[in-house]
Amino acid sequence: MDGLMQFTTESGAAVVVEGVEDESGARLVSRGGAPAQAARTFECSLEGVRAAAESALRVFRDGSLRPDAVELEFGVKLTAEAGAVIAKGAAEGHLVVKLSWAPGTDPGAPDLR
């Protein structure tokens, strides 16, 4: 089993997540079986992923496609040192984008909202 990491939220709550081995085979180590303590708060760790989501939404909403809905799916890996990173899938970073339009809408029509 991989090691456990403990993040603290800004309100002081503990969030424990299961860590994974990185490519080098390094593992989380802690004393006495307690989870390794993360260097950042849980919210701070997720800040980069939030910024990536905002940027991706801006790209898909502000372009000529004008979807009615945008759905983003990130694979996120939490590390004690770096916080949250976008996890790679088979060979690249993991990001799934789904765009949808309501029936009868024309993606090329001017936006009158």
# chains A, B, ... in the order shown; residues from 1 in each chain; ligands from 1
>>> residues_around(residues="range 55-58 of chain A", least_positions_apart="5", cutoff="10 Å", atoms="only C-alpha atoms", output="list in words")
Val49, Arg50, Gly63, Ala69, Val70, Glu71, Leu72, Leu95 and Val97 of chain A
>>> write_last_selection(atoms="all heavy atoms", output="mmCIF file, in the first residue's frame")
data_model
loop_
_atom_site.group_PDB
_atom_site.id
_atom_site.type_symbol
_atom_site.label_atom_id
_atom_site.label_comp_id
_atom_site.auth_asym_id
_atom_site.auth_seq_id
_atom_site.Cartn_x
_atom_site.Cartn_y
_atom_site.Cartn_z
ATOM 1 N N VAL A 49 -4.690 24.043 -10.069
ATOM 2 C CA VAL A 49 -5.703 23.328 -10.849
ATOM 3 C C VAL A 49 -6.889 24.259 -11.126
ATOM 4 O O VAL A 49 -7.429 24.284 -12.222
ATOM 5 C CB VAL A 49 -6.160 22.044 -10.130
ATOM 6 C CG1 VAL A 49 -7.270 21.343 -10.903
ATOM 7 C CG2 VAL A 49 -4.977 21.102 -9.937
ATOM 8 N N ARG A 50 -7.270 25.074 -10.116
ATOM 9 C CA ARG A 50 -8.357 26.045 -10.310
ATOM 10 C C ARG A 50 -7.986 27.043 -11.408
ATOM 11 O O ARG A 50 -8.776 27.330 -12.303
ATOM 12 C CB ARG A 50 -8.665 26.792 -9.014
ATOM 13 C CG ARG A 50 -9.867 27.744 -9.164
ATOM 14 C CD ARG A 50 -9.955 28.735 -8.015
ATOM 15 N NE ARG A 50 -8.783 29.580 -7.917
ATOM 16 C CZ ARG A 50 -8.530 30.621 -8.713
ATOM 17 N NH1 ARG A 50 -9.366 30.949 -9.675
ATOM 18 N NH2 ARG A 50 -7.435 31.348 -8.551
ATOM 19 N N GLY A 63 -14.313 31.702 -27.520
ATOM 20 C CA GLY A 63 -14.039 31.455 -28.931
ATOM 21 C C GLY A 63 -15.309 31.516 -29.768
ATOM 22 O O GLY A 63 -16.382 31.908 -29.313
ATOM 23 N N ALA A 69 -22.760 24.710 -22.718
ATOM 24 C CA ALA A 69 -22.153 24.144 -21.512
ATOM 25 C C ALA A 69 -20.754 23.646 -21.832
ATOM 26 O O ALA A 69 -20.505 23.139 -22.927
ATOM 27 C CB ALA A 69 -23.004 23.001 -20.970
ATOM 28 N N VAL A 70 -19.855 23.822 -20.874
ATOM 29 C CA VAL A 70 -18.495 23.312 -20.975
ATOM 30 C C VAL A 70 -18.247 22.460 -19.743
ATOM 31 O O VAL A 70 -18.504 22.893 -18.623
ATOM 32 C CB VAL A 70 -17.454 24.461 -21.015
ATOM 33 C CG1 VAL A 70 -16.040 23.899 -21.050
ATOM 34 C CG2 VAL A 70 -17.700 25.387 -22.187
ATOM 35 N N GLU A 71 -17.783 21.241 -19.955
ATOM 36 C CA GLU A 71 -17.452 20.352 -18.842
ATOM 37 C C GLU A 71 -15.982 19.988 -18.950
ATOM 38 O O GLU A 71 -15.523 19.528 -19.998
ATOM 39 C CB GLU A 71 -18.308 19.090 -18.911
ATOM 40 C CG GLU A 71 -18.078 18.129 -17.788
ATOM 41 C CD GLU A 71 -18.967 16.903 -17.898
ATOM 42 O OE1 GLU A 71 -20.106 17.011 -18.378
ATOM 43 O OE2 GLU A 71 -18.491 15.821 -17.496
ATOM 44 N N LEU A 72 -15.230 20.242 -17.882
ATOM 45 C CA LEU A 72 -13.810 19.920 -17.846
ATOM 46 C C LEU A 72 -13.580 18.824 -16.815
ATOM 47 O O LEU A 72 -14.155 18.856 -15.733
ATOM 48 C CB LEU A 72 -12.986 21.138 -17.427
ATOM 49 C CG LEU A 72 -13.073 22.367 -18.313
ATOM 50 C CD1 LEU A 72 -12.324 23.513 -17.662
ATOM 51 C CD2 LEU A 72 -12.514 22.073 -19.690
ATOM 52 N N LEU A 95 -6.774 15.596 -19.324
ATOM 53 C CA LEU A 95 -7.796 16.626 -19.415
ATOM 54 C C LEU A 95 -8.842 16.170 -20.415
ATOM 55 O O LEU A 95 -8.525 15.861 -21.557
ATOM 56 C CB LEU A 95 -7.203 17.964 -19.869
ATOM 57 C CG LEU A 95 -8.186 19.077 -20.201
ATOM 58 C CD1 LEU A 95 -8.986 19.484 -18.971
ATOM 59 C CD2 LEU A 95 -7.456 20.273 -20.774
ATOM 60 N N VAL A 97 -12.436 17.371 -22.166
ATOM 61 C CA VAL A 97 -13.281 18.538 -22.402
ATOM 62 C C VAL A 97 -14.530 18.090 -23.130
ATOM 63 O O VAL A 97 -14.449 17.391 -24.140
ATOM 64 C CB VAL A 97 -12.554 19.608 -23.262
ATOM 65 C CG1 VAL A 97 -13.457 20.786 -23.530
ATOM 66 C CG2 VAL A 97 -11.257 20.036 -22.593
#
>>> residues_around(residues="Gly48 in chain A", least_positions_apart="6", cutoff="12 Å", atoms="only C-alpha atoms", output="PyMOL selection string")
chain A and resi 42+54-55+74+76-78+82-86
>>> write_last_selection(atoms="all heavy atoms", output="compact mmCIF listing (two decimals), in the first residue's frame")
# COMPACT_ATOMS: atom_id res chain seq x y z
N PHE A 42 -4.77 22.40 1.90
CA PHE A 42 -5.50 21.71 0.83
C PHE A 42 -5.91 22.70 -0.25
O PHE A 42 -5.73 22.47 -1.44
CB PHE A 42 -6.71 20.99 1.43
CG PHE A 42 -7.41 20.08 0.47
CD1 PHE A 42 -6.80 18.94 0.00
CD2 PHE A 42 -8.70 20.36 0.06
CE1 PHE A 42 -7.45 18.09 -0.88
CE2 PHE A 42 -9.36 19.51 -0.82
CZ PHE A 42 -8.73 18.38 -1.28
N GLU A 54 -9.93 27.71 -14.97
CA GLU A 54 -10.40 29.03 -15.41
C GLU A 54 -9.85 29.36 -16.79
O GLU A 54 -10.58 29.87 -17.65
CB GLU A 54 -9.96 30.11 -14.41
CG GLU A 54 -10.76 30.12 -13.14
CD GLU A 54 -10.27 31.19 -12.17
OE1 GLU A 54 -9.15 31.73 -12.35
OE2 GLU A 54 -11.02 31.46 -11.22
N SER A 55 -8.58 29.08 -17.03
CA SER A 55 -7.98 29.35 -18.34
C SER A 55 -8.63 28.51 -19.43
O SER A 55 -8.93 29.02 -20.52
CB SER A 55 -6.48 29.07 -18.30
OG SER A 55 -5.83 29.97 -17.44
N PHE A 74 -10.29 17.02 -14.99
CA PHE A 74 -8.85 16.92 -14.77
C PHE A 74 -8.56 15.69 -13.93
O PHE A 74 -9.27 15.42 -12.97
CB PHE A 74 -8.34 18.13 -13.96
CG PHE A 74 -8.33 19.43 -14.71
CD1 PHE A 74 -9.43 20.26 -14.71
CD2 PHE A 74 -7.20 19.82 -15.40
CE1 PHE A 74 -9.42 21.46 -15.39
CE2 PHE A 74 -7.17 21.02 -16.08
CZ PHE A 74 -8.28 21.84 -16.08
N VAL A 76 -6.24 14.69 -11.15
CA VAL A 76 -5.42 15.45 -10.21
C VAL A 76 -4.69 14.49 -9.29
O VAL A 76 -5.29 13.57 -8.74
CB VAL A 76 -6.30 16.42 -9.39
CG1 VAL A 76 -5.47 17.16 -8.36
CG2 VAL A 76 -7.00 17.41 -10.32
N LYS A 77 -3.40 14.72 -9.13
CA LYS A 77 -2.58 13.93 -8.22
C LYS A 77 -2.11 14.87 -7.12
O LYS A 77 -1.62 15.96 -7.39
CB LYS A 77 -1.40 13.34 -8.98
CG LYS A 77 -0.49 12.51 -8.10
CD LYS A 77 0.48 11.63 -8.82
CE LYS A 77 1.60 11.93 -9.55
NZ LYS A 77 2.52 11.03 -10.05
N LEU A 78 -2.28 14.46 -5.87
CA LEU A 78 -1.84 15.27 -4.74
C LEU A 78 -0.50 14.75 -4.24
O LEU A 78 -0.33 13.55 -4.04
CB LEU A 78 -2.87 15.22 -3.61
CG LEU A 78 -4.21 15.87 -3.95
CD1 LEU A 78 -5.25 15.49 -2.91
CD2 LEU A 78 -4.08 17.37 -4.02
N ALA A 82 4.52 19.20 -3.68
CA ALA A 82 4.07 20.11 -4.73
C ALA A 82 2.60 20.46 -4.65
O ALA A 82 2.14 21.35 -5.35
CB ALA A 82 4.36 19.49 -6.10
N GLY A 83 1.84 19.79 -3.83
CA GLY A 83 0.40 20.03 -3.78
C GLY A 83 -0.29 19.25 -4.88
O GLY A 83 0.02 18.09 -5.12
N ALA A 84 -1.22 19.90 -5.59
CA ALA A 84 -1.98 19.23 -6.64
C ALA A 84 -1.33 19.47 -7.99
O ALA A 84 -0.98 20.58 -8.33
CB ALA A 84 -3.42 19.74 -6.66
N VAL A 85 -1.18 18.41 -8.75
CA VAL A 85 -0.67 18.50 -10.11
C VAL A 85 -1.63 17.76 -11.02
O VAL A 85 -2.30 16.82 -10.59
CB VAL A 85 0.76 17.91 -10.24
CG1 VAL A 85 1.76 18.71 -9.44
CG2 VAL A 85 0.80 16.46 -9.79
N ILE A 86 -1.72 18.19 -12.27
CA ILE A 86 -2.59 17.50 -13.22
C ILE A 86 -1.90 16.20 -13.58
O ILE A 86 -0.77 16.20 -14.08
CB ILE A 86 -2.87 18.38 -14.45
CG1 ILE A 86 -3.62 19.63 -14.00
CG2 ILE A 86 -3.67 17.59 -15.49
CD1 ILE A 86 -3.84 20.65 -15.09
>>> closest_residue(among="A:Arg61, A:His94, A:Arg40, A:Arg66", to="Thr8 in chain A", atoms="only C-alpha atoms")
A:Arg40
>>> residues_around(residues="Met5 in chain A", least_positions_apart="5", cutoff="7 Å", atoms="only C-alpha atoms", output="JSON, numbers by chain")
{"A": [16, 17, 18, 19, 35, 36, 37, 38, 80]}
